[in-house]
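File shown: data-v9.txt (compact mmCIF, C-alpha atoms and all ligand atoms).
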```txt
# COMPACT_ATOMS: atom_id res chain seq x y z
CA MET A 1 -34.06 20.04 -53.42
CA HIS A 2 -32.20 23.29 -53.49
CA LYS A 3 -32.09 23.38 -49.73
CA GLN A 4 -30.56 19.88 -49.50
CA THR A 5 -27.80 20.76 -51.95
CA LYS A 6 -26.95 23.80 -49.92
CA SER A 7 -26.54 21.91 -46.65
CA PHE A 8 -24.53 19.22 -48.43
CA LEU A 9 -22.04 21.86 -49.58
CA PHE A 10 -21.93 23.39 -46.15
CA LEU A 11 -20.93 20.10 -44.49
CA PRO A 12 -17.18 19.99 -45.40
CA PHE A 13 -16.85 23.57 -44.21
CA LEU A 14 -18.49 22.71 -40.89
CA CYS A 15 -16.18 19.71 -40.40
CA LEU A 16 -13.15 21.94 -40.99
CA ILE A 17 -14.35 24.44 -38.38
CA ILE A 18 -14.92 21.64 -35.81
CA ALA A 19 -11.49 20.15 -36.52
CA LEU A 20 -9.81 23.55 -36.10
CA MET A 21 -11.70 24.13 -32.85
CA ALA A 22 -10.57 20.78 -31.49
CA ILE A 23 -6.93 21.55 -32.32
CA PHE A 24 -6.83 25.09 -30.98
CA ASN A 25 -9.38 24.97 -28.19
CA PRO A 26 -7.44 25.91 -25.03
CA VAL A 27 -10.20 24.52 -22.78
CA ALA A 28 -9.94 21.06 -24.30
CA LYS A 29 -6.16 21.08 -23.90
CA ALA A 30 -6.33 22.18 -20.27
CA SER A 31 -8.79 19.42 -19.40
CA GLU A 32 -6.34 16.80 -20.65
CA LYS A 33 -3.92 17.95 -17.98
CA LYS A 34 -6.51 17.87 -15.18
CA ALA A 35 -5.72 15.71 -12.16
CA TYR A 36 -7.65 12.43 -11.95
CA SER A 37 -9.42 13.77 -8.85
CA GLU A 38 -11.08 16.39 -11.10
CA THR A 39 -12.73 13.69 -13.23
CA PRO A 40 -16.52 14.20 -13.29
CA VAL A 41 -18.36 11.46 -11.41
CA TYR A 42 -20.37 10.61 -14.55
CA GLU A 43 -17.11 9.65 -16.26
CA LEU A 44 -16.05 7.19 -13.54
CA GLY A 45 -17.98 4.34 -15.12
CA LEU A 46 -20.13 3.66 -12.05
CA ASN A 47 -22.70 0.95 -12.69
CA GLN A 48 -26.43 1.40 -12.26
CA SER A 49 -26.60 -0.18 -8.80
CA GLN A 50 -23.73 2.04 -7.57
CA ILE A 51 -25.57 5.10 -8.88
CA GLU A 52 -28.80 3.95 -7.20
CA LEU A 53 -26.90 3.46 -3.93
CA LEU A 54 -25.43 6.98 -4.08
CA LYS A 55 -28.93 8.34 -4.72
CA ASP A 56 -30.20 6.33 -1.75
CA TRP A 57 -27.51 8.01 0.31
CA GLY A 58 -28.85 11.42 -0.68
CA LEU A 59 -27.05 12.49 -3.86
CA SER A 60 -29.34 13.85 -6.57
CA SER A 61 -29.02 13.27 -10.31
CA GLU A 62 -27.81 16.85 -10.55
CA ASP A 63 -25.15 16.20 -7.88
CA LEU A 64 -23.94 13.22 -9.87
CA GLN A 65 -23.76 15.38 -13.02
CA THR A 66 -21.79 18.18 -11.39
CA MET A 67 -19.56 16.45 -8.80
CA THR A 68 -15.94 15.53 -9.41
CA LEU A 69 -14.22 12.46 -7.96
CA ALA A 70 -12.70 14.75 -5.30
CA ASP A 71 -16.22 15.86 -4.27
CA LEU A 72 -17.43 12.27 -4.20
CA LYS A 73 -14.47 11.22 -2.04
CA LYS A 74 -15.26 14.00 0.43
CA PHE A 75 -18.82 12.65 0.60
CA LEU A 76 -17.76 9.01 0.99
CA SER A 77 -15.10 9.73 3.62
CA LYS A 78 -17.64 10.42 6.33
CA PRO A 79 -20.81 8.82 7.63
CA ILE A 80 -23.99 9.39 5.69
CA GLU A 81 -26.39 10.82 8.23
CA LYS A 82 -29.38 10.78 5.92
CA ASP A 83 -31.86 7.95 5.68
CA ASN A 84 -30.58 5.57 8.33
CA SER A 85 -34.10 4.22 8.74
CA LYS A 86 -34.36 3.46 5.06
CA TYR A 87 -31.20 1.41 5.11
CA ASN A 88 -32.61 -0.73 7.90
CA ALA A 89 -36.00 -0.97 6.25
CA ASP A 90 -34.28 -2.34 3.17
CA ASN A 91 -32.78 -5.18 5.16
CA THR A 92 -34.99 -8.02 4.03
CA LEU A 93 -33.85 -10.46 6.68
CA PHE A 94 -34.73 -8.16 9.54
CA PRO A 95 -37.21 -5.52 8.41
CA ASP A 96 -37.68 -4.40 12.00
CA MET A 97 -34.01 -4.26 12.84
CA HIS A 98 -34.33 -1.80 15.71
CA THR A 99 -36.67 -4.04 17.65
CA VAL A 100 -34.86 -7.24 16.79
CA VAL A 101 -31.52 -5.86 17.89
CA ALA A 102 -33.09 -4.55 21.05
CA ARG A 103 -34.40 -8.02 21.84
CA THR A 104 -31.28 -10.02 21.09
CA ASP A 105 -28.31 -7.79 21.35
CA ILE A 106 -28.55 -5.73 24.53
CA PRO A 107 -25.78 -6.59 26.99
CA GLN A 108 -27.07 -7.88 30.32
CA LYS A 109 -25.33 -4.98 32.01
CA THR A 110 -27.45 -2.52 30.04
CA ILE A 111 -30.67 -4.44 30.75
CA ASN A 112 -29.83 -4.36 34.47
CA LEU A 113 -29.25 -0.63 34.31
CA LEU A 114 -32.56 -0.07 32.51
CA SER A 115 -34.36 -2.26 35.08
CA ASN A 116 -32.79 -0.31 37.89
CA LEU A 117 -34.04 2.86 36.25
CA GLY A 118 -37.59 1.46 36.45
CA PHE A 119 -38.24 0.13 32.94
CA ASN A 120 -39.96 -3.25 32.77
CA ASP A 121 -39.07 -6.08 30.37
CA GLN A 122 -41.96 -5.24 28.06
CA GLU A 123 -40.81 -1.64 27.74
CA ILE A 124 -37.19 -2.63 27.16
CA GLN A 125 -38.19 -5.07 24.41
CA HIS A 126 -39.86 -2.28 22.48
CA MET A 127 -37.16 0.34 22.80
CA THR A 128 -35.17 1.40 19.79
CA LEU A 129 -31.41 1.66 20.11
CA THR A 130 -31.70 5.44 20.00
CA ASP A 131 -34.08 5.32 22.98
CA ILE A 132 -31.65 3.16 24.90
CA TYR A 133 -28.61 5.30 24.12
CA GLU A 134 -30.42 8.43 25.25
CA ILE A 135 -31.41 6.83 28.53
CA ILE A 136 -28.16 5.17 29.51
CA ILE A 137 -25.37 7.45 28.26
CA PRO A 138 -25.63 9.81 31.25
CA TYR A 139 -25.27 6.80 33.59
CA ALA A 140 -22.47 5.01 31.80
CA LEU A 141 -19.00 5.09 33.25
CA ALA A 142 -15.76 4.82 31.33
CA ALA A 143 -14.10 1.48 31.86
CA TYR A 144 -10.61 2.83 31.29
CA ALA A 145 -8.70 6.03 30.62
CA VAL A 146 -9.62 7.35 27.22
CA PRO A 147 -8.94 10.73 25.56
CA SER A 148 -11.78 13.04 26.48
CA ASN A 149 -12.71 13.91 22.89
CA TYR A 150 -13.38 10.29 21.92
CA ILE A 151 -17.00 9.39 21.26
CA TYR A 152 -18.67 7.01 23.68
CA VAL A 153 -20.86 4.19 22.39
CA PRO A 154 -22.64 2.09 25.05
CA PHE A 155 -22.64 -1.04 22.91
CA VAL A 156 -22.08 -2.15 19.35
CA GLN A 157 -24.53 -4.28 17.36
CA TYR A 158 -23.94 -7.96 16.61
CA ILE A 159 -22.22 -8.57 19.94
CA GLY A 160 -19.56 -6.01 19.13
CA GLY A 161 -18.88 -5.05 22.73
CA ASN A 162 -19.91 -2.61 25.49
CA ASP A 163 -18.54 0.76 26.52
CA GLU A 164 -16.62 1.45 23.35
CA TYR A 165 -14.94 4.68 22.34
CA PHE A 166 -14.28 5.98 18.85
CA HIS A 167 -11.83 8.52 17.48
CA PRO A 168 -13.64 11.84 16.84
CA ASN A 169 -12.32 11.97 13.25
CA GLY A 170 -13.54 8.44 12.77
CA HIS A 171 -16.97 10.02 12.68
CA SER A 172 -18.39 7.02 14.42
CA GLY A 173 -20.68 7.11 17.38
CA SER A 174 -24.10 5.96 18.41
CA ALA A 175 -25.99 7.63 15.58
CA ASN A 176 -23.98 5.74 12.98
CA MET A 177 -23.20 2.60 14.88
CA GLN A 178 -25.98 0.48 13.46
CA ARG A 179 -25.28 1.54 9.90
CA GLU A 180 -21.55 0.88 10.30
CA ALA A 181 -22.11 -2.49 11.96
CA ASN A 182 -24.42 -3.43 9.08
CA TYR A 183 -21.85 -2.37 6.52
CA ALA A 184 -19.15 -4.34 8.35
CA LYS A 185 -21.52 -7.32 8.16
CA THR A 186 -21.92 -6.93 4.39
CA ILE A 187 -18.14 -6.63 3.93
CA ALA A 188 -17.45 -9.67 6.14
CA GLU A 189 -20.13 -11.76 4.43
CA HIS A 190 -18.46 -11.07 1.10
CA SER A 191 -14.91 -11.52 2.39
CA PHE A 192 -15.70 -14.96 3.86
CA SER A 193 -18.43 -15.93 1.36
CA ARG A 194 -20.78 -16.64 4.25
CA THR A 195 -24.15 -15.31 5.34
CA TYR A 196 -24.18 -14.14 8.94
CA ASN A 197 -26.21 -16.44 11.19
CA TYR A 198 -27.46 -13.80 13.67
CA ALA A 199 -26.36 -15.93 16.61
CA THR A 200 -27.23 -14.63 20.05
CA THR A 201 -23.95 -15.63 21.65
CA GLN A 202 -20.46 -14.71 20.58
CA ALA A 203 -19.33 -18.33 20.51
CA ASN A 204 -22.12 -19.28 18.12
CA GLN A 205 -21.54 -16.51 15.61
CA ASN A 206 -20.31 -18.05 12.35
CA ILE A 207 -18.57 -14.78 11.51
CA ARG A 208 -17.73 -11.82 13.73
CA PHE A 209 -17.20 -8.34 12.28
CA SER A 210 -18.24 -5.62 14.71
CA TYR A 211 -15.90 -6.23 17.65
CA TYR A 212 -13.10 -3.94 16.46
CA LEU A 213 -14.27 -1.31 14.01
CA PHE A 214 -12.75 1.69 12.28
CA GLY A 215 -11.62 4.39 14.72
CA GLU A 216 -12.28 2.18 17.75
CA PHE A 217 -10.12 2.86 20.78
CA ASP A 218 -8.15 0.13 22.47
CA ALA A 219 -6.49 1.03 25.76
CA SER A 220 -3.54 -1.28 25.16
CA ILE A 221 -2.98 -0.61 21.45
CA GLY A 222 -4.35 2.71 20.20
CA THR A 223 -6.90 3.70 17.58
CA HIS A 224 -7.95 1.00 15.16
CA GLU A 225 -7.27 1.95 11.54
CA GLY A 226 -9.50 -0.67 9.94
CA ILE A 227 -12.25 -3.25 10.38
CA ASP A 228 -11.47 -6.62 11.96
CA MET A 229 -13.44 -9.72 11.07
CA VAL A 230 -13.12 -13.39 11.79
CA ASP A 231 -14.61 -16.58 10.40
CA GLN A 232 -15.18 -18.75 13.45
CA LEU A 233 -16.28 -21.84 11.52
CA GLN A 234 -13.15 -22.39 9.45
CA THR A 235 -9.76 -21.23 10.73
CA ASN A 236 -8.17 -21.03 7.28
CA ARG A 237 -11.22 -19.59 5.52
CA THR A 238 -10.63 -18.26 2.00
CA ILE A 239 -10.66 -14.46 1.80
CA MET A 240 -12.29 -12.84 -1.23
CA SER A 241 -11.33 -9.43 -2.57
CA THR A 242 -13.90 -6.75 -1.74
CA MET A 243 -13.16 -4.75 -4.89
CA PRO A 244 -11.45 -4.87 -8.25
CA GLY A 245 -7.96 -3.41 -8.52
CA GLN A 246 -4.28 -4.07 -8.92
CA VAL A 247 -1.93 -5.53 -6.32
CA ILE A 248 0.62 -2.83 -5.43
CA ARG A 249 2.19 -4.50 -2.40
CA LYS A 250 2.61 -8.11 -1.43
CA ASP A 251 4.38 -8.79 1.83
CA ALA A 252 3.82 -12.49 2.48
CA THR A 253 6.10 -12.50 5.54
CA ASN A 254 3.97 -9.92 7.31
CA GLY A 255 0.66 -11.00 5.76
CA ILE A 256 0.01 -7.65 4.08
CA LEU A 257 -1.61 -7.30 0.67
CA VAL A 258 -2.43 -3.84 -0.72
CA VAL A 259 -4.72 -3.47 -3.73
CA TYR A 260 -5.22 -0.18 -5.59
CA ASN A 261 -8.62 0.67 -7.07
CA SER A 262 -8.12 3.25 -9.82
CA GLN A 263 -11.83 4.02 -10.23
CA LEU A 264 -12.17 5.68 -6.82
CA ASP A 265 -8.41 6.17 -6.35
CA ILE A 266 -8.10 4.33 -3.04
CA SER A 267 -5.77 1.65 -1.68
CA VAL A 268 -7.15 -1.20 0.39
CA ALA A 269 -4.89 -3.14 2.74
CA TYR A 270 -5.78 -6.71 3.73
CA MET A 271 -3.77 -7.88 6.72
CA HIS A 272 -2.82 -11.02 8.70
CA LEU A 273 -3.70 -13.33 5.79
CA LYS A 274 -1.71 -16.09 4.14
CA ILE A 275 -1.52 -14.58 0.67
CA ASN A 276 -2.23 -16.72 -2.39
CA ALA A 277 1.00 -17.70 -4.14
CA ASN A 278 -0.39 -16.81 -7.57
CA LEU A 279 -0.73 -13.13 -6.63
CA SER A 280 2.14 -10.71 -7.07
CA VAL A 281 2.66 -6.97 -7.49
CA GLY A 282 0.94 -6.02 -10.74
CA SER A 283 -1.69 -8.80 -10.56
CA ASN A 284 -5.19 -7.63 -11.34
CA VAL A 285 -7.92 -8.84 -9.02
CA THR A 286 -11.67 -8.76 -9.48
CA GLN A 287 -14.26 -8.42 -6.77
CA ASN A 288 -14.27 -12.20 -6.45
CA THR A 289 -10.60 -13.09 -6.52
CA ALA A 290 -9.45 -15.31 -3.64
CA LEU A 291 -6.69 -13.27 -2.02
CA GLY A 292 -5.54 -15.89 0.45
CA THR A 293 -6.67 -17.56 3.64
CA GLN A 294 -7.42 -16.27 7.09
CA ASP A 295 -4.33 -16.36 9.28
CA LYS A 296 -2.77 -14.74 12.33
CA ILE A 297 0.43 -13.32 10.86
CA LEU A 298 1.42 -10.37 13.10
CA ALA A 299 -1.76 -10.90 15.11
CA ASP A 300 -2.79 -12.61 18.35
CA GLY A 301 -5.53 -14.62 16.74
CA ARG A 302 -6.71 -15.54 13.25
CA HIS A 303 -8.68 -12.75 11.63
CA LEU A 304 -8.78 -10.42 8.67
CA HIS A 305 -8.11 -6.70 8.99
CA ILE A 306 -9.18 -4.38 6.15
CA GLN A 307 -8.29 -0.72 5.96
CA VAL A 308 -8.65 1.96 3.28
CA THR A 309 -6.15 4.71 2.47
CA ASP A 310 -6.79 7.63 0.14
CA GLY A 311 -4.86 7.58 -3.13
CA ARG A 312 -2.32 5.07 -4.39
CA THR A 313 -0.06 4.10 -1.53
CA THR A 314 1.62 0.98 -0.20
CA ASN A 315 1.88 2.56 3.26
CA VAL A 316 -0.17 0.91 5.96
CA ALA A 317 -0.76 2.85 9.17
CA SER A 318 0.07 0.70 12.17
CA GLY A 319 -2.80 1.67 14.45
CA LYS A 320 -0.41 1.56 17.40
CA ASP A 321 -1.01 5.16 18.43
CA LEU A 322 -3.92 7.57 18.80
CA THR A 323 -3.72 9.13 15.34
CA LEU A 324 -6.10 8.00 12.63
CA THR A 325 -4.37 7.87 9.25
CA SER A 326 -6.62 5.67 7.16
CA VAL A 327 -9.97 6.90 5.84
CA TYR A 328 -13.56 6.05 6.76
CA PRO A 329 -13.80 2.72 4.94
CA TYR A 330 -17.48 1.75 4.95
CA ASN A 331 -18.91 3.84 2.12
CA TYR A 332 -16.03 3.14 -0.25
CA LEU A 333 -16.18 -0.61 0.28
CA ILE A 334 -19.98 -0.73 0.06
CA VAL A 335 -20.00 1.28 -3.20
CA LEU A 336 -17.38 -1.02 -4.68
CA LEU A 337 -19.31 -4.11 -3.56
CA ASN A 338 -22.34 -2.93 -5.56
ZN ZN A 401 -7.28 -4.84 13.01
```
Let me see whether you can do it: turn the structure in this file into structure tokens.
Ligand SMILES: [Zn+2]
Amino acid sequence: MHKQTKSFLFLPFLCLIIALMAIFNPVAKASEKKAYSETPVYELGLNQSQIELLKDWGLSSEDLQTMTLADLKKFLSKPIEKDNSKYNADNTLFPDMHTVVARTDIPQKTINLLSNLGFNDQEIQHMTLTDIYEIIIPYALAAYAVPSNYIYVPFVQYIGGNDEYFHPNGHSGSANMQREANYAKTIAEHSFSRTYNYATTQANQNIRFSYYLFGEFDASIGTHEGIDMVDQLQTNRTIMSTMPGQVIRKDATNGILVVYNSQLDISVAYMHLKINANLSVGSNVTQNTALGTQDKILADGRHLHIQVTDGRTTNVASGKDLTLTSVYPYNYLIVLLN
């Protein structure tokens, strides 16, 4: 009884001390002035599936406790080398993706080259993409003049093309090609609200999404700043937002809509679309807001172009030169889709 009385009397004194500490604590004051990029990752409000995804990509619980947003952005702005096999193994539609792709997606030109090198059909069917790349890269010839530091990729999954080159800072290349093509697929499936049909010819693909990827070189244009995708079944297909955020630029004439996501502090530009009339600067969008319809404003053909820029900016890099201004988009968009 005596003991309880004592602690009861002590309580107001303790409260006073805590209040004084809160008022005069220089550390607490300094943290209020910290830049948003210094926010600890655990304070970003990531949901459970986003946290699980980051762990899948190799971050530990301790990493997630100690990293700041700036650290996380450094991690997300480049390919995740770890656990590529796991990603493919998790693909429920095609658990044996390597083999399936090797059967359906090898350009005839590559098959001919492998045959000429002495491999029979049976052997080719069972090769992984890594096997194929290792065999054919020394034999491949550049189709056009390309800066020597660009990374050569013999072919891109999902009928994405042959003899492609990627900007070195785009961090693309054979090792990441399958992962990036898969992420582009996920982003396109969400954008067009359609499940990819795994067609074996380009004409029969319901959606295309790997033909012009981030950092990809085009001899007549430059280095691609974003990911292109097209819905081949419906010309004016509705385009869904890939992430929540606020509209910070609406340029209906040029088909450019820029949405800022404050959680990860990135700006996402959607281009060539006919923008929904009910959207304007300041509008909040969710992950499932219809942004507009597929169009060909400032483009040769109807398609959607998505690119990610670091921070809050309405600027959209043109992609009509060899510099790469936008950031590696895949990890950001996949985290925000979770
Ligand atoms: Zn584009």
| query | ligand ZN 401 (chain A): which residues are within 8 Å, counting all atoms listed in the file, as a list in words? | reply |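 The distance check yields Tyr212, Leu213, His224, Glu225, Gly226, Ile227, Asp228, Met271, Leu304, His305 and Ile306 of chain A.
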| query | In Å to one decimal, how far is CA of Asn116 (chain A) from CA of Asp131 (chain A)? | reply |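 Distance between the two atoms: 16.0 Å.
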| So which residues touch Lys73 (chain A) within 8 Å, counting only C-alpha atoms, skipping near sequence neighbours fewer than 4 positions away, as a list in words? |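 What passes the distance filter is Leu69, Ser77 and Leu264 of chain A.
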| task | Compute the distance from (-15.1, -2.0, 19.9) to each atom, counting all atoms listed in the file, keep the residues with any atom at most 12 Å away, and return them as number ranges by chain; use the coordinates of the file. | result | A: 151-167, 172-173, 177, 180-181, 208-219, 222-224, 226-229
| Separation of CA of Asn276 (chain A) from CA of Gly301 (chain A) in Å |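 Value for the CA of Gly301 (chain A)-CA of Asn276 (chain A) distance: 19.5 Å.
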| query | Smallest atom-to-atom distance to Thr313 (chain A): which of A:Leu54, A:Ile80, A:Ala203, A:Val259, using only C-alpha atoms? | reply | A:Val259
| field | Separation of CA of Pro40 (chain A) from CA of Glu62 (chain A) in Å | value |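 So the answer is 11.9 Å.
Checking A:Ile221, A:Val285, A:Gln50, A:Asn261 one by one against Asn338 (chain A), counting all atoms listed in the file, you find the shortest gap at A:Gln50.
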| 12 Å contact set for Leu76 (chain A), all atoms listed in the file, chain neighbours under 6 positions out, as a list in words |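 Everything that qualifies: Leu53, Leu54, Trp57, Gly58, Leu59, Leu69, Ala70, His171, Leu264, Ile266, Val308, Asp310, Val327, Tyr328, Pro329, Tyr330, Asn331, Tyr332, Leu333, Ile334, Val335 and Leu336 of chain A.
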Would you mind completing region 220-249 of chain A so that it carries N, CA and C atoms, and writing it out as a short mmCIF file (atom, residue, chain, number, x, y, z; two decimals), keeping the file's coordinate frame?
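Below is the file result.cif, written as the result:
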```
data_model
loop_
_atom_site.label_atom_id
_atom_site.label_comp_id
_atom_site.auth_asym_id
_atom_site.auth_seq_id
_atom_site.Cartn_x
_atom_site.Cartn_y
_atom_site.Cartn_z
N SER A 220 -4.89 -0.71 25.19
CA SER A 220 -3.54 -1.28 25.16
C SER A 220 -2.86 -1.13 23.81
N ILE A 221 -3.59 -0.71 22.79
CA ILE A 221 -2.98 -0.61 21.45
C ILE A 221 -3.04 0.81 20.90
N GLY A 222 -4.22 1.37 20.78
CA GLY A 222 -4.35 2.71 20.20
C GLY A 222 -5.69 2.83 19.49
N THR A 223 -5.68 3.51 18.35
CA THR A 223 -6.90 3.70 17.58
C THR A 223 -6.87 2.79 16.37
N HIS A 224 -7.92 2.01 16.23
CA HIS A 224 -7.95 1.00 15.16
C HIS A 224 -8.13 1.65 13.79
N GLU A 225 -7.26 1.31 12.86
CA GLU A 225 -7.27 1.95 11.54
C GLU A 225 -8.21 1.25 10.56
N GLY A 226 -8.71 0.07 10.91
CA GLY A 226 -9.50 -0.67 9.94
C GLY A 226 -10.68 -1.39 10.57
N ILE A 227 -11.14 -2.42 9.89
CA ILE A 227 -12.25 -3.25 10.38
C ILE A 227 -11.70 -4.66 10.55
N ASP A 228 -11.89 -5.24 11.73
CA ASP A 228 -11.47 -6.62 11.96
C ASP A 228 -12.66 -7.56 11.76
N MET A 229 -12.38 -8.73 11.23
CA MET A 229 -13.44 -9.72 11.07
C MET A 229 -12.84 -11.11 11.16
N VAL A 230 -13.64 -12.03 11.62
CA VAL A 230 -13.12 -13.39 11.79
C VAL A 230 -14.18 -14.40 11.38
N ASP A 231 -13.73 -15.45 10.71
CA ASP A 231 -14.61 -16.58 10.40
C ASP A 231 -14.36 -17.60 11.49
N GLN A 232 -15.36 -17.85 12.31
CA GLN A 232 -15.18 -18.75 13.45
C GLN A 232 -15.43 -20.21 13.09
N LEU A 233 -15.97 -20.46 11.90
CA LEU A 233 -16.28 -21.84 11.52
C LEU A 233 -15.08 -22.54 10.87
N GLN A 234 -14.28 -21.79 10.16
CA GLN A 234 -13.15 -22.39 9.45
C GLN A 234 -11.92 -21.53 9.65
N THR A 235 -10.92 -22.04 10.35
CA THR A 235 -9.76 -21.23 10.73
C THR A 235 -9.03 -20.67 9.52
N ASN A 236 -8.91 -21.49 8.46
CA ASN A 236 -8.17 -21.03 7.28
C ASN A 236 -9.12 -20.63 6.15
N ARG A 237 -10.21 -19.97 6.50
CA ARG A 237 -11.22 -19.59 5.52
C ARG A 237 -10.61 -18.76 4.38
N THR A 238 -11.07 -19.04 3.16
CA THR A 238 -10.63 -18.26 2.00
C THR A 238 -11.15 -16.83 2.10
N ILE A 239 -10.29 -15.88 1.75
CA ILE A 239 -10.66 -14.46 1.80
C ILE A 239 -10.81 -13.93 0.38
N MET A 240 -12.01 -13.38 0.10
CA MET A 240 -12.29 -12.84 -1.23
C MET A 240 -12.00 -11.34 -1.25
N SER A 241 -11.57 -10.86 -2.40
CA SER A 241 -11.33 -9.43 -2.57
C SER A 241 -12.65 -8.68 -2.49
N THR A 242 -12.65 -7.52 -1.83
CA THR A 242 -13.90 -6.75 -1.74
C THR A 242 -14.08 -5.83 -2.94
N MET A 243 -13.05 -5.69 -3.75
CA MET A 243 -13.16 -4.75 -4.89
C MET A 243 -12.16 -5.10 -5.96
N PRO A 244 -12.43 -4.66 -7.19
CA PRO A 244 -11.45 -4.87 -8.25
C PRO A 244 -10.27 -3.91 -8.08
N GLY A 245 -9.12 -4.30 -8.60
CA GLY A 245 -7.96 -3.41 -8.52
C GLY A 245 -6.68 -4.16 -8.87
N GLN A 246 -5.58 -3.50 -8.60
CA GLN A 246 -4.28 -4.07 -8.92
C GLN A 246 -3.45 -4.19 -7.65
N VAL A 247 -2.79 -5.32 -7.49
CA VAL A 247 -1.93 -5.53 -6.32
C VAL A 247 -0.74 -4.58 -6.43
N ILE A 248 -0.53 -3.73 -5.41
CA ILE A 248 0.62 -2.83 -5.43
C ILE A 248 1.63 -3.16 -4.32
N ARG A 249 1.24 -4.05 -3.41
CA ARG A 249 2.19 -4.50 -2.40
C ARG A 249 1.82 -5.90 -1.98
#
```
